[in-house]
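Raw my_file19.cif, mmCIF, C-alpha atoms:
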```cif
data_query
loop_
_atom_site.label_atom_id
_atom_site.label_comp_id
_atom_site.auth_asym_id
_atom_site.auth_seq_id
_atom_site.Cartn_x
_atom_site.Cartn_y
_atom_site.Cartn_z
CA MET A 1 53.08 54.92 139.38
CA LYS A 2 52.67 58.63 139.79
CA SER A 3 49.90 58.29 142.35
CA LYS A 4 52.05 55.94 144.41
CA THR A 5 54.87 58.46 144.68
CA GLU A 6 52.32 61.19 145.37
CA ALA A 7 50.91 59.10 148.23
CA LYS A 8 54.38 58.64 149.64
CA ARG A 9 55.04 62.36 149.36
CA LEU A 10 51.84 63.14 151.21
CA ALA A 11 52.71 60.65 153.94
CA ILE A 12 56.09 62.33 154.40
CA LEU A 13 54.49 65.78 154.53
CA ASN A 14 51.95 64.68 157.11
CA ALA A 15 54.59 63.06 159.28
CA ALA A 16 56.85 66.10 159.00
CA SER A 17 53.99 68.43 159.85
CA ALA A 18 53.30 66.42 163.02
CA VAL A 19 56.97 66.36 164.03
CA PHE A 20 57.43 70.11 163.42
CA ARG A 21 54.32 70.80 165.51
CA GLU A 22 55.44 68.58 168.36
CA VAL A 23 59.11 69.49 168.74
CA GLY A 24 59.55 72.63 166.61
CA PHE A 25 61.69 73.10 163.53
CA GLU A 26 65.06 73.30 165.30
CA ARG A 27 64.74 70.06 167.22
CA ALA A 28 63.01 68.11 164.50
CA SER A 29 65.30 65.78 162.60
CA MET A 30 65.00 63.91 159.35
CA SER A 31 65.45 60.68 161.37
CA ASP A 32 62.38 61.46 163.51
CA ILE A 33 60.36 62.03 160.38
CA ARG A 34 61.64 58.87 158.74
CA ALA A 35 60.83 56.88 161.88
CA ARG A 36 57.14 57.80 161.56
CA ILE A 37 56.73 56.61 158.02
CA GLY A 38 59.22 53.77 157.81
CA GLY A 39 61.40 53.19 154.79
CA SER A 40 64.96 54.30 154.33
CA LYS A 41 66.50 57.68 154.91
CA ALA A 42 67.63 57.62 151.28
CA THR A 43 64.02 57.46 150.14
CA LEU A 44 63.14 60.41 152.34
CA TYR A 45 66.01 62.48 150.96
CA ASN A 46 64.95 61.46 147.52
CA TYR A 47 61.68 63.30 148.02
CA PHE A 48 63.02 66.21 150.05
CA PRO A 49 66.74 66.99 149.88
CA SER A 50 66.78 68.93 153.15
CA LYS A 51 64.85 69.67 156.31
CA GLU A 52 64.41 73.25 155.05
CA LYS A 53 62.81 72.10 151.81
CA LEU A 54 60.50 69.85 153.73
CA PHE A 55 59.57 72.65 156.10
CA PHE A 56 58.83 74.94 153.13
CA GLU A 57 56.49 72.33 151.69
CA VAL A 58 54.71 71.75 154.97
CA MET A 59 54.18 75.48 155.51
CA HIS A 60 53.09 75.90 151.94
CA GLN A 61 50.49 73.19 152.31
CA ALA A 62 49.22 74.63 155.58
CA LYS A 63 48.87 78.13 154.10
CA THR A 64 47.10 76.80 151.02
CA HIS A 65 44.63 75.10 153.30
CA GLU A 66 44.06 78.34 155.26
CA LEU A 67 43.47 80.22 152.01
CA GLU A 68 40.85 77.68 151.00
CA GLU A 69 39.15 78.19 154.34
CA ALA A 70 39.20 81.96 153.86
CA VAL A 71 37.45 81.62 150.51
CA GLY A 72 35.08 79.11 152.07
CA ILE A 73 33.53 81.78 154.29
CA LEU A 74 31.94 83.52 151.29
CA ARG A 75 28.20 82.73 151.47
CA PRO A 76 26.44 83.20 148.13
CA GLU A 77 23.04 83.44 149.82
CA ALA A 78 24.04 86.43 151.99
CA ASP A 79 22.05 89.60 151.30
CA ASP A 80 24.72 92.10 152.25
CA LEU A 81 27.37 91.64 149.58
CA LYS A 82 29.64 94.38 150.92
CA GLN A 83 29.69 92.82 154.37
CA GLU A 84 30.48 89.44 152.84
CA LEU A 85 33.40 90.82 150.84
CA LEU A 86 34.76 92.71 153.85
CA ARG A 87 34.72 89.54 155.97
CA PHE A 88 36.40 87.56 153.25
CA GLY A 89 38.99 90.27 152.55
CA GLN A 90 39.99 90.49 156.18
CA ARG A 91 40.44 86.76 156.51
CA PHE A 92 42.16 86.38 153.15
CA LEU A 93 44.76 89.08 153.81
CA THR A 94 45.32 87.87 157.36
CA VAL A 95 46.37 84.48 155.98
CA LEU A 96 48.30 85.85 153.02
CA TYR A 97 50.24 88.44 155.03
CA SER A 98 51.22 86.32 157.99
CA PRO A 99 55.02 86.26 158.41
CA GLU A 100 55.22 82.62 157.25
CA ALA A 101 53.13 83.24 154.14
CA ILE A 102 55.23 86.29 153.23
CA ALA A 103 58.43 84.28 153.61
CA ILE A 104 57.04 81.52 151.42
CA ARG A 105 55.95 83.98 148.77
CA HIS A 106 59.32 85.62 148.70
CA LEU A 107 61.09 82.32 148.26
CA THR A 108 58.62 81.15 145.65
CA ILE A 109 59.21 84.15 143.42
CA ALA A 110 62.96 84.10 143.93
CA GLU A 111 63.18 80.36 143.23
CA SER A 112 60.70 80.20 140.38
CA ARG A 113 63.44 80.14 137.76
CA ARG A 114 65.32 77.29 139.34
CA SER A 115 62.49 75.05 140.45
CA ASP A 116 58.85 74.40 139.79
CA SER A 117 57.85 75.90 143.15
CA GLY A 118 56.26 78.88 141.41
CA LYS A 119 54.19 76.65 139.20
CA LEU A 120 53.08 74.53 142.13
CA SER A 121 52.09 77.58 144.19
CA PHE A 122 50.15 78.98 141.31
CA GLU A 123 48.29 75.76 140.60
CA ARG A 124 47.60 74.88 144.21
CA ALA A 125 46.87 78.29 145.73
CA VAL A 126 46.20 80.99 143.15
CA VAL A 127 44.05 79.15 140.63
CA PRO A 128 41.59 77.55 143.12
CA VAL A 129 41.13 80.83 145.01
CA GLU A 130 40.46 82.78 141.81
CA LYS A 131 38.05 80.13 140.66
CA GLN A 132 36.03 80.05 143.85
CA VAL A 133 35.86 83.82 144.15
CA ALA A 134 34.73 83.96 140.50
CA GLU A 135 31.95 81.47 141.22
CA PHE A 136 30.81 83.55 144.16
CA LEU A 137 30.81 86.75 142.10
CA LYS A 138 28.95 85.04 139.28
CA LYS A 139 26.13 84.21 141.67
CA ALA A 140 26.11 87.81 142.91
CA MET A 141 25.78 88.91 139.27
CA LYS A 142 22.90 86.49 138.69
CA ARG A 143 21.12 87.80 141.79
CA GLY A 144 21.57 91.35 140.52
CA GLN A 145 23.94 92.41 143.29
CA LEU A 146 26.61 93.20 140.70
CA ARG A 147 26.47 94.16 137.04
CA THR A 148 26.92 91.35 134.55
CA ALA A 149 30.57 91.03 133.61
CA ASP A 150 33.26 88.40 133.12
CA ALA A 151 33.34 86.85 136.61
CA LYS A 152 36.88 85.56 136.26
CA ILE A 153 38.24 89.00 135.50
CA ALA A 154 36.11 90.52 138.25
CA ALA A 155 37.63 88.02 140.70
CA ILE A 156 41.16 88.85 139.57
CA HIS A 157 40.39 92.55 139.97
CA LEU A 158 38.96 92.05 143.45
CA LEU A 159 41.96 90.03 144.62
CA SER A 160 44.48 92.47 143.16
CA LEU A 161 42.66 95.43 144.72
CA LEU A 162 42.73 93.72 148.09
CA GLU A 163 46.49 93.38 147.80
CA SER A 164 47.13 96.72 146.11
CA GLU A 165 48.33 98.60 149.19
CA LEU A 166 50.33 95.72 150.62
CA LEU A 167 51.96 93.50 148.01
CA GLN A 168 54.73 95.76 146.77
CA ARG A 169 55.53 97.14 150.23
CA VAL A 170 55.78 93.68 151.71
CA LEU A 171 57.79 92.12 148.88
CA LEU A 172 60.24 95.00 149.07
CA GLY A 173 60.42 94.75 152.84
CA VAL A 174 59.19 98.32 153.40
CA LEU A 175 56.32 97.15 155.54
CA ASP A 176 57.36 94.31 157.80
CA SER A 177 54.49 93.82 160.14
CA VAL A 178 51.04 93.85 158.67
CA THR A 179 48.70 94.55 161.59
CA PRO A 180 44.96 93.79 161.66
CA GLU A 181 44.34 97.56 161.51
CA VAL A 182 46.44 97.96 158.37
CA ILE A 183 44.55 95.06 156.86
CA SER A 184 41.08 96.33 157.71
CA GLY A 185 41.82 99.76 156.21
CA ALA A 186 43.17 98.20 153.03
CA VAL A 187 40.20 95.82 152.78
CA ARG A 188 37.64 98.59 153.23
CA ARG A 189 39.17 100.78 150.52
CA ALA A 190 39.58 97.85 148.13
CA VAL A 191 36.02 96.56 148.57
CA GLU A 192 34.56 100.05 148.11
CA VAL A 193 36.42 100.60 144.87
CA PHE A 194 35.59 97.11 143.64
CA LEU A 195 31.89 97.58 144.33
CA SER A 196 31.72 100.94 142.59
CA GLY A 197 33.50 99.41 139.61
CA TYR A 198 31.18 96.44 139.45
CA GLN A 199 27.89 97.73 140.82
CA ARG A 200 24.78 97.91 138.66
CA ARG A 201 23.89 101.31 137.35
CA MET B 1 75.55 118.18 121.49
CA GLN B 2 78.59 116.68 123.11
CA VAL B 3 78.13 113.81 125.51
CA LYS B 4 80.11 114.29 128.69
CA LYS B 5 82.91 111.88 129.38
CA SER B 6 81.66 111.16 132.89
CA ASP B 7 78.22 110.26 131.48
CA ILE B 8 79.80 107.71 129.19
CA LYS B 9 81.68 106.24 132.15
CA ARG B 10 78.55 106.16 134.26
CA GLN B 11 76.68 104.35 131.48
CA ALA B 12 79.50 101.82 131.13
CA ILE B 13 79.44 101.10 134.87
CA LEU B 14 75.68 100.65 134.80
CA GLU B 15 75.82 98.25 131.88
CA THR B 16 78.62 96.14 133.32
CA ALA B 17 77.01 96.01 136.76
CA TYR B 18 73.66 95.06 135.22
CA ARG B 19 75.25 92.17 133.34
CA LEU B 20 77.20 90.90 136.36
CA PHE B 21 74.33 91.18 138.84
CA ARG B 22 72.06 89.30 136.49
CA ALA B 23 74.60 86.57 135.84
CA GLN B 24 75.85 86.03 139.41
CA GLY B 25 73.39 87.64 141.78
CA PHE B 26 74.00 90.39 144.32
CA ASP B 27 76.31 88.66 146.80
CA LYS B 28 78.82 87.27 144.34
CA THR B 29 79.19 90.53 142.47
CA SER B 30 81.72 92.86 144.10
CA MET B 31 82.61 96.46 143.32
CA ALA B 32 86.13 95.18 142.60
CA LYS B 33 84.82 92.79 139.93
CA ILE B 34 82.76 95.53 138.35
CA THR B 35 85.78 97.86 138.34
CA ALA B 36 87.97 95.20 136.79
CA GLN B 37 85.58 94.79 133.88
CA VAL B 38 84.84 98.48 133.28
CA GLY B 39 88.45 99.51 133.67
CA GLY B 40 89.71 102.48 135.63
CA SER B 41 89.90 102.82 139.37
CA LYS B 42 87.58 101.78 142.15
CA ALA B 43 87.52 105.41 143.29
CA THR B 44 85.92 106.41 139.98
CA VAL B 45 83.22 103.78 140.35
CA TYR B 46 82.52 104.97 143.89
CA SER B 47 82.39 108.58 142.73
CA HIS B 48 79.43 107.62 140.54
CA PHE B 49 77.78 105.18 142.93
CA PRO B 50 78.45 105.45 146.68
CA SER B 51 77.63 101.80 147.44
CA LYS B 52 77.02 98.46 145.82
CA GLU B 53 73.40 98.65 147.00
CA GLU B 54 72.84 101.94 145.20
CA LEU B 55 74.52 100.70 142.05
CA PHE B 56 72.33 97.60 142.12
CA VAL B 57 69.15 99.64 142.44
CA GLU B 58 70.22 102.12 139.74
CA CYS B 59 71.09 99.53 137.15
CA MET B 60 68.03 97.36 137.82
CA MET B 61 65.70 100.34 137.55
CA ALA B 62 67.42 102.17 134.67
CA ALA B 63 65.50 100.48 131.87
CA LEU B 64 62.15 100.78 133.63
CA GLU B 65 62.71 104.45 134.45
CA ASN B 66 63.71 105.23 130.89
CA TYR B 67 60.74 103.46 129.47
CA MET B 68 58.26 104.86 131.94
CA SER B 69 59.35 108.46 131.55
CA GLY B 70 58.79 108.09 127.81
CA THR B 71 55.38 106.50 128.31
CA LEU B 72 54.23 108.85 131.05
CA LYS B 73 54.80 111.82 128.74
CA HIS B 74 51.76 110.69 126.79
CA LEU B 75 49.62 111.17 129.86
CA ASP B 76 48.54 114.74 129.28
CA ALA B 77 45.21 115.39 130.92
CA SER B 78 44.61 118.67 129.13
CA ARG B 79 44.87 117.29 125.64
CA THR B 80 43.66 113.75 125.60
CA ASP B 81 40.59 111.75 126.30
CA PRO B 82 41.45 110.18 129.71
CA ARG B 83 40.19 106.77 128.70
CA LEU B 84 42.29 106.64 125.59
CA ALA B 85 45.31 107.99 127.44
CA LEU B 86 45.00 105.36 130.18
CA LEU B 87 44.46 102.55 127.66
CA ASN B 88 47.61 103.50 125.76
CA PHE B 89 49.55 103.93 128.95
CA GLY B 90 48.28 100.62 130.35
CA SER B 91 49.10 98.45 127.37
CA SER B 92 52.43 100.12 126.88
CA VAL B 93 53.43 99.46 130.49
CA LEU B 94 52.22 95.86 130.30
CA ASN B 95 54.17 95.17 127.12
CA PHE B 96 57.31 96.34 128.84
CA ILE B 97 57.00 94.70 132.25
CA CYS B 98 55.92 91.37 130.73
CA SER B 99 59.08 91.07 128.64
CA PRO B 100 61.35 88.18 129.70
CA GLU B 101 64.16 90.51 130.68
CA GLN B 102 62.01 92.73 132.89
CA LEU B 103 60.46 89.68 134.53
CA GLU B 104 63.90 88.40 135.39
CA VAL B 105 64.87 91.81 136.79
CA ARG B 106 61.75 91.85 138.92
CA ARG B 107 62.51 88.40 140.35
CA LEU B 108 66.02 89.50 141.19
CA ILE B 109 64.79 92.71 142.84
CA ILE B 110 62.31 90.78 144.98
CA ALA B 111 64.88 88.14 145.89
CA GLU B 112 67.42 90.76 147.00
CA ALA B 113 65.07 93.35 148.48
CA ALA B 114 64.71 91.85 151.91
CA ARG B 115 68.18 90.30 152.18
CA SER B 116 70.38 93.16 151.11
CA GLY B 117 68.29 96.02 152.40
CA THR B 118 67.75 97.46 148.93
CA GLY B 119 63.94 97.23 149.15
CA LYS B 120 63.47 100.74 150.48
CA LEU B 121 65.58 102.21 147.67
CA PHE B 122 63.52 100.36 145.07
CA PHE B 123 60.31 101.40 146.74
CA ASP B 124 61.29 105.09 146.63
CA LYS B 125 62.00 104.87 142.93
CA ILE B 126 58.73 103.11 142.19
CA THR B 127 56.87 105.68 144.29
CA ALA B 128 58.47 108.50 142.29
CA LEU B 129 57.33 106.90 139.02
CA ARG B 130 53.84 106.34 140.35
CA ALA B 131 53.65 110.01 141.41
CA GLN B 132 53.52 110.91 137.71
CA LEU B 133 50.48 108.71 137.25
CA SER B 134 48.80 110.23 140.29
CA ALA B 135 49.54 113.72 138.93
CA PHE B 136 47.61 112.76 135.81
CA LEU B 137 44.72 111.38 137.90
CA THR B 138 44.73 114.56 140.01
CA ALA B 139 44.29 116.60 136.83
CA CYS B 140 41.41 114.32 135.73
CA MET B 141 39.78 114.81 139.13
CA ALA B 142 40.19 118.57 138.87
CA SER B 143 38.61 118.70 135.43
CA GLY B 144 35.70 116.55 136.58
CA SER B 145 36.34 113.49 134.41
CA LEU B 146 37.03 111.45 137.56
CA ARG B 147 35.45 111.88 140.95
CA ARG B 148 37.54 113.55 143.62
CA SER B 149 39.39 111.03 145.73
CA ASP B 150 42.88 110.19 146.93
CA PRO B 151 44.92 110.19 143.67
CA GLU B 152 47.82 108.22 145.14
CA LEU B 153 45.54 105.44 146.28
CA ALA B 154 43.79 105.51 142.91
CA ALA B 155 47.14 105.22 141.10
CA GLU B 156 48.13 102.28 143.24
CA GLN B 157 44.82 100.56 142.58
CA LEU B 158 45.02 101.16 138.85
CA GLY B 159 48.56 99.77 138.82
CA ALA B 160 47.47 96.64 140.69
CA MET B 161 44.52 96.04 138.38
CA LEU B 162 46.65 96.53 135.28
CA GLU B 163 49.12 93.87 136.39
CA ALA B 164 46.49 91.55 137.80
CA GLU B 165 45.68 89.43 134.76
CA MET B 166 49.13 89.03 133.28
CA LEU B 167 51.92 89.31 135.77
CA GLU B 168 51.64 86.52 138.30
CA PRO B 169 51.68 83.52 135.92
CA LEU B 170 54.65 85.05 134.12
CA LEU B 171 56.53 85.88 137.29
CA LEU B 172 56.04 82.37 138.66
CA GLN B 173 57.04 80.78 135.34
CA VAL B 174 53.68 79.12 134.97
CA ARG B 175 53.54 80.72 131.60
CA GLU B 176 56.69 80.70 129.49
CA ASP B 177 55.69 82.58 126.35
CA SER B 178 55.35 86.35 126.27
CA PRO B 179 51.86 87.76 125.83
CA ASP B 180 51.32 89.47 122.46
CA GLU B 181 50.09 93.02 122.08
CA ARG B 182 46.49 91.98 121.58
CA GLU B 183 46.52 90.25 124.95
CA THR B 184 48.11 93.10 126.85
CA ALA B 185 45.71 95.57 125.22
CA ARG B 186 42.80 93.41 126.33
CA ALA B 187 44.04 93.18 129.91
CA ALA B 188 44.61 96.95 129.95
CA LYS B 189 41.07 97.50 128.68
CA HIS B 190 39.57 95.32 131.41
CA ALA B 191 41.50 97.17 134.10
CA VAL B 192 40.92 100.68 132.75
CA ASP B 193 37.19 100.11 132.22
CA ALA B 194 36.69 98.81 135.77
CA PHE B 195 38.83 101.64 137.12
CA LEU B 196 36.90 104.34 135.24
CA ARG B 197 33.58 102.95 136.41
CA ALA B 198 34.84 102.88 139.98
CA TYR B 199 36.06 106.47 139.78
CA ALA B 200 33.29 107.91 137.58
CA PRO B 201 31.98 111.22 138.89
CA ARG B 202 29.11 110.62 141.30
CA GLY B 203 25.64 110.56 139.82
CA ARG B 204 27.04 110.18 136.34
CA GLN B 205 27.92 107.19 134.26
CA ALA B 206 31.46 106.91 133.09
CA LEU B 207 30.96 109.02 129.95
CA GLN B 208 34.06 107.65 128.37
CA LEU B 209 32.58 104.18 128.31
CA LYS B 210 29.77 105.22 125.99
CA GLN B 211 32.07 106.47 123.30
CA CYS B 212 33.67 103.10 122.90
CA PRO B 213 31.27 100.24 123.49
CA ASN B 214 32.98 96.95 124.18
#
```

In structure tokens, what does this structure look like?
Amino acid sequence: MKSKTEAKRLAILNAASAVFREVGFERASMSDIRARIGGSKATLYNYFPSKEKLFFEVMHQAKTHELEEAVGILRPEADDLKQELLRFGQRFLTVLYSPEAIAIRHLTIAESRRSDSGKLSFERAVVPVEKQVAEFLKKAMKRGQLRTADAKIAAIHLLSLLESELLQRVLLGVLDSVTPEVISGAVRRAVEVFLSGYQRR
Amino acid sequence: MQVKKSDIKRQAILETAYRLFRAQGFDKTSMAKITAQVGGSKATVYSHFPSKEELFVECMMAALENYMSGTLKHLDASRTDPRLALLNFGSSVLNFICSPEQLEVRRLIIAEAARSGTGKLFFDKITALRAQLSAFLTACMASGSLRRSDPELAAEQLGAMLEAEMLEPLLLQVREDSPDERETARAAKHAVDAFLRAYAPRGRQALQLKQCPN
């Protein structure tokens, strides 16, 4: 039963994503979206009470996918660990600090008491990223590129260091446009501190 | 010592505003409503707090500022072992910010920051608190227990690592129970150990780590 509703949900999200891409958010209507998947408008509203909610979900899904891709560029066989982490950091922060991703994050935190959006974000975006980064770092530890330590905690430290100069400023609206230059400075400082904290001695 | 009458009034305004903002949010809480509940005139309220924005920031930050100024006092670079000082500081801060009430305050601050233009005011307050941590790190750098580096950046990084393990699941309501003191102490230890290694004086191991294995 659950998988059937999940399939329906996915079908709606895919259709909505296509409609938003083709005509933009303003001109897209719930009727257009319903027309693509069939079924009644009531069913559609049952899954997503408003166009805004639907848009949030579509964006959320797209950003989660981009985050997965960012983590996917980490190559465990690479010899230059620092270079690898710098590349990843740049890509990761570029996705996470795009205007859409910032808006989503804001909403997610603000809404987390009233809905399960926080839980969903955490399970879909945070947990998989942490897990994959931890796997990468574990291999680097096995190859002797890093000291042996708890890879999960190391991953959490790396990710929090990457965000350390940006997260608070962005959530409080003090920094509204995060340029590639701001990102590359933040990434360089974070990776350097991470490596000296986790290098072999 | 006698407490001044205007201080009592100020405290009453802060407490009432805090309760109303938390119950109804920023938009639905007006200065008139706050005045009605505290008693007295609107002019008195405005004489303590020039705008609703400033009152919001003051009452949301009051508990954190109180707590932090108490905790930061323990950071005395001349007297204490830096590792021990940072461990105590770290777990104490985590215990406080992971409490249900502080989590709720943080959500409210983030929700309002961008909309009501209060973000900058919050940021200034947080920066002032963090300056006390960077003053401690500056002293550690001067005495040679940490390598010389940008102390403000170091303070920001330490803060981020301290929060890293605990905060996000709590903030997003993935986790409903509060972490106990053993857990926060463990997270603080992970963060402080990695931080001290990263900022150990060049060519030397982090001496502090040897004193306390594990």

*asked:* Under the PyMOL selection byres ((chain A) within 9 of (chain B)), which residues of this model are included? Write them out as number ranges by chain.
replied: A: 106-113, 116-123, 153-154, 156-161, 163-165, 168-169, 171-174, 189-190, 192-199, 201

_Quick one: residues within 9 Å of range 180-183 of chain B, all atoms listed in the file, excluding same-chain residues fewer than 3 positions away - as a ChimeraX atom specification?_
/B:91-92,94-95,166,186-188

*Could you state the separation of CA of Lys131 in chain A and CA of Val71 in chain A in Å, given to one decimal place?*
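Spanning CA of Lys131 in chain A to CA of Val71 in chain A is a straight-line distance of 10.0 Å.
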
*Written as a PyMOL selection string, which residues does the PyMOL selection byres ((chain B and resi 46) around 12) give for the file shown?*
chain B and resi 9-10+13+31-32+34-35+40-45+47-55

_For His65 in chain A, find every residue with an atom within 9 Å (counting all atoms listed in the file), except residues of its own chain fewer than 5 positions away, and show them as a PyMOL selection string._
chain A and resi 60+70+125

*Give as a ChimeraX atom specification each residue that has an atom at most 12 Å from (54.6, 58.5, 149.6) in the file, counting all atoms listed in the file.*
/A:1-15,34,37-39,43-44,46-48

Convert the current residue selection to file output with C-alpha atoms, as an mmCIF file, in the frame of the given file.
```cif
data_model
loop_
_atom_site.group_PDB
_atom_site.id
_atom_site.type_symbol
_atom_site.label_atom_id
_atom_site.label_comp_id
_atom_site.auth_asym_id
_atom_site.auth_seq_id
_atom_site.Cartn_x
_atom_site.Cartn_y
_atom_site.Cartn_z
ATOM 1 C CA MET A 1 53.080 54.920 139.380
ATOM 2 C CA LYS A 2 52.670 58.630 139.790
ATOM 3 C CA SER A 3 49.900 58.290 142.350
ATOM 4 C CA LYS A 4 52.050 55.940 144.410
ATOM 5 C CA THR A 5 54.870 58.460 144.680
ATOM 6 C CA GLU A 6 52.320 61.190 145.370
ATOM 7 C CA ALA A 7 50.910 59.100 148.230
ATOM 8 C CA LYS A 8 54.380 58.640 149.640
ATOM 9 C CA ARG A 9 55.040 62.360 149.360
ATOM 10 C CA LEU A 10 51.840 63.140 151.210
ATOM 11 C CA ALA A 11 52.710 60.650 153.940
ATOM 12 C CA ILE A 12 56.090 62.330 154.400
ATOM 13 C CA LEU A 13 54.490 65.780 154.530
ATOM 14 C CA ASN A 14 51.950 64.680 157.110
ATOM 15 C CA ALA A 15 54.590 63.060 159.280
ATOM 16 C CA ARG A 34 61.640 58.870 158.740
ATOM 17 C CA ILE A 37 56.730 56.610 158.020
ATOM 18 C CA GLY A 38 59.220 53.770 157.810
ATOM 19 C CA GLY A 39 61.400 53.190 154.790
ATOM 20 C CA THR A 43 64.020 57.460 150.140
ATOM 21 C CA LEU A 44 63.140 60.410 152.340
ATOM 22 C CA ASN A 46 64.950 61.460 147.520
ATOM 23 C CA TYR A 47 61.680 63.300 148.020
ATOM 24 C CA PHE A 48 63.020 66.210 150.050
#
```

*Gap from CA of Leu167 in chain B to CA of Ile97 in chain B - Å, one decimal*: 8.2 Å

As a PDB file, in the frame of the given file, the rebuilt range 49-60 of chain A with N, CA, C and O atoms:
```
ATOM      1  N   PRO A  49      65.289  66.992 149.668  1.00  0.00           N
ATOM      2  CA  PRO A  49      66.740  66.990 149.880  1.00  0.00           C
ATOM      3  C   PRO A  49      67.198  67.596 151.207  1.00  0.00           C
ATOM      4  O   PRO A  49      68.330  67.378 151.619  1.00  0.00           O
ATOM      5  N   SER A  50      66.342  68.353 151.879  1.00  0.00           N
ATOM      6  CA  SER A  50      66.780  68.930 153.150  1.00  0.00           C
ATOM      7  C   SER A  50      65.584  69.171 154.063  1.00  0.00           C
ATOM      8  O   SER A  50      64.435  69.201 153.618  1.00  0.00           O
ATOM      9  N   LYS A  51      65.890  69.370 155.334  1.00  0.00           N
ATOM     10  CA  LYS A  51      64.850  69.670 156.310  1.00  0.00           C
ATOM     11  C   LYS A  51      64.163  70.993 155.951  1.00  0.00           C
ATOM     12  O   LYS A  51      62.959  71.145 156.109  1.00  0.00           O
ATOM     13  N   GLU A  52      64.958  71.947 155.440  1.00  0.00           N
ATOM     14  CA  GLU A  52      64.410  73.250 155.050  1.00  0.00           C
ATOM     15  C   GLU A  52      63.375  73.115 153.947  1.00  0.00           C
ATOM     16  O   GLU A  52      62.307  73.699 153.992  1.00  0.00           O
ATOM     17  N   LYS A  53      63.723  72.321 152.933  1.00  0.00           N
ATOM     18  CA  LYS A  53      62.810  72.100 151.810  1.00  0.00           C
ATOM     19  C   LYS A  53      61.499  71.486 152.305  1.00  0.00           C
ATOM     20  O   LYS A  53      60.414  71.857 151.878  1.00  0.00           O
ATOM     21  N   LEU A  54      61.657  70.533 153.183  1.00  0.00           N
ATOM     22  CA  LEU A  54      60.500  69.850 153.730  1.00  0.00           C
ATOM     23  C   LEU A  54      59.631  70.818 154.532  1.00  0.00           C
ATOM     24  O   LEU A  54      58.412  70.833 154.418  1.00  0.00           O
ATOM     25  N   PHE A  55      60.283  71.658 155.305  1.00  0.00           N
ATOM     26  CA  PHE A  55      59.570  72.650 156.100  1.00  0.00           C
ATOM     27  C   PHE A  55      58.800  73.613 155.187  1.00  0.00           C
ATOM     28  O   PHE A  55      57.640  73.929 155.428  1.00  0.00           O
ATOM     29  N   PHE A  56      59.467  74.049 154.103  1.00  0.00           N
ATOM     30  CA  PHE A  56      58.830  74.940 153.130  1.00  0.00           C
ATOM     31  C   PHE A  56      57.541  74.303 152.599  1.00  0.00           C
ATOM     32  O   PHE A  56      56.491  74.925 152.550  1.00  0.00           O
ATOM     33  N   GLU A  57      57.651  73.027 152.243  1.00  0.00           N
ATOM     34  CA  GLU A  57      56.490  72.330 151.690  1.00  0.00           C
ATOM     35  C   GLU A  57      55.359  72.214 152.697  1.00  0.00           C
ATOM     36  O   GLU A  57      54.192  72.385 152.367  1.00  0.00           O
ATOM     37  N   VAL A  58      55.726  71.905 153.924  1.00  0.00           N
ATOM     38  CA  VAL A  58      54.710  71.750 154.970  1.00  0.00           C
ATOM     39  C   VAL A  58      53.984  73.081 155.201  1.00  0.00           C
ATOM     40  O   VAL A  58      52.764  73.144 155.260  1.00  0.00           O
ATOM     41  N   MET A  59      54.771  74.162 155.306  1.00  0.00           N
ATOM     42  CA  MET A  59      54.180  75.480 155.510  1.00  0.00           C
ATOM     43  C   MET A  59      53.296  75.868 154.338  1.00  0.00           C
ATOM     44  O   MET A  59      52.221  76.423 154.492  1.00  0.00           O
ATOM     45  N   HIS A  60      53.815  75.572 153.155  1.00  0.00           N
ATOM     46  CA  HIS A  60      53.090  75.900 151.940  1.00  0.00           C
ATOM     47  C   HIS A  60      51.720  75.229 151.935  1.00  0.00           C
ATOM     48  O   HIS A  60      50.699  75.844 151.641  1.00  0.00           O
TER      49      HIS A  60
END
```
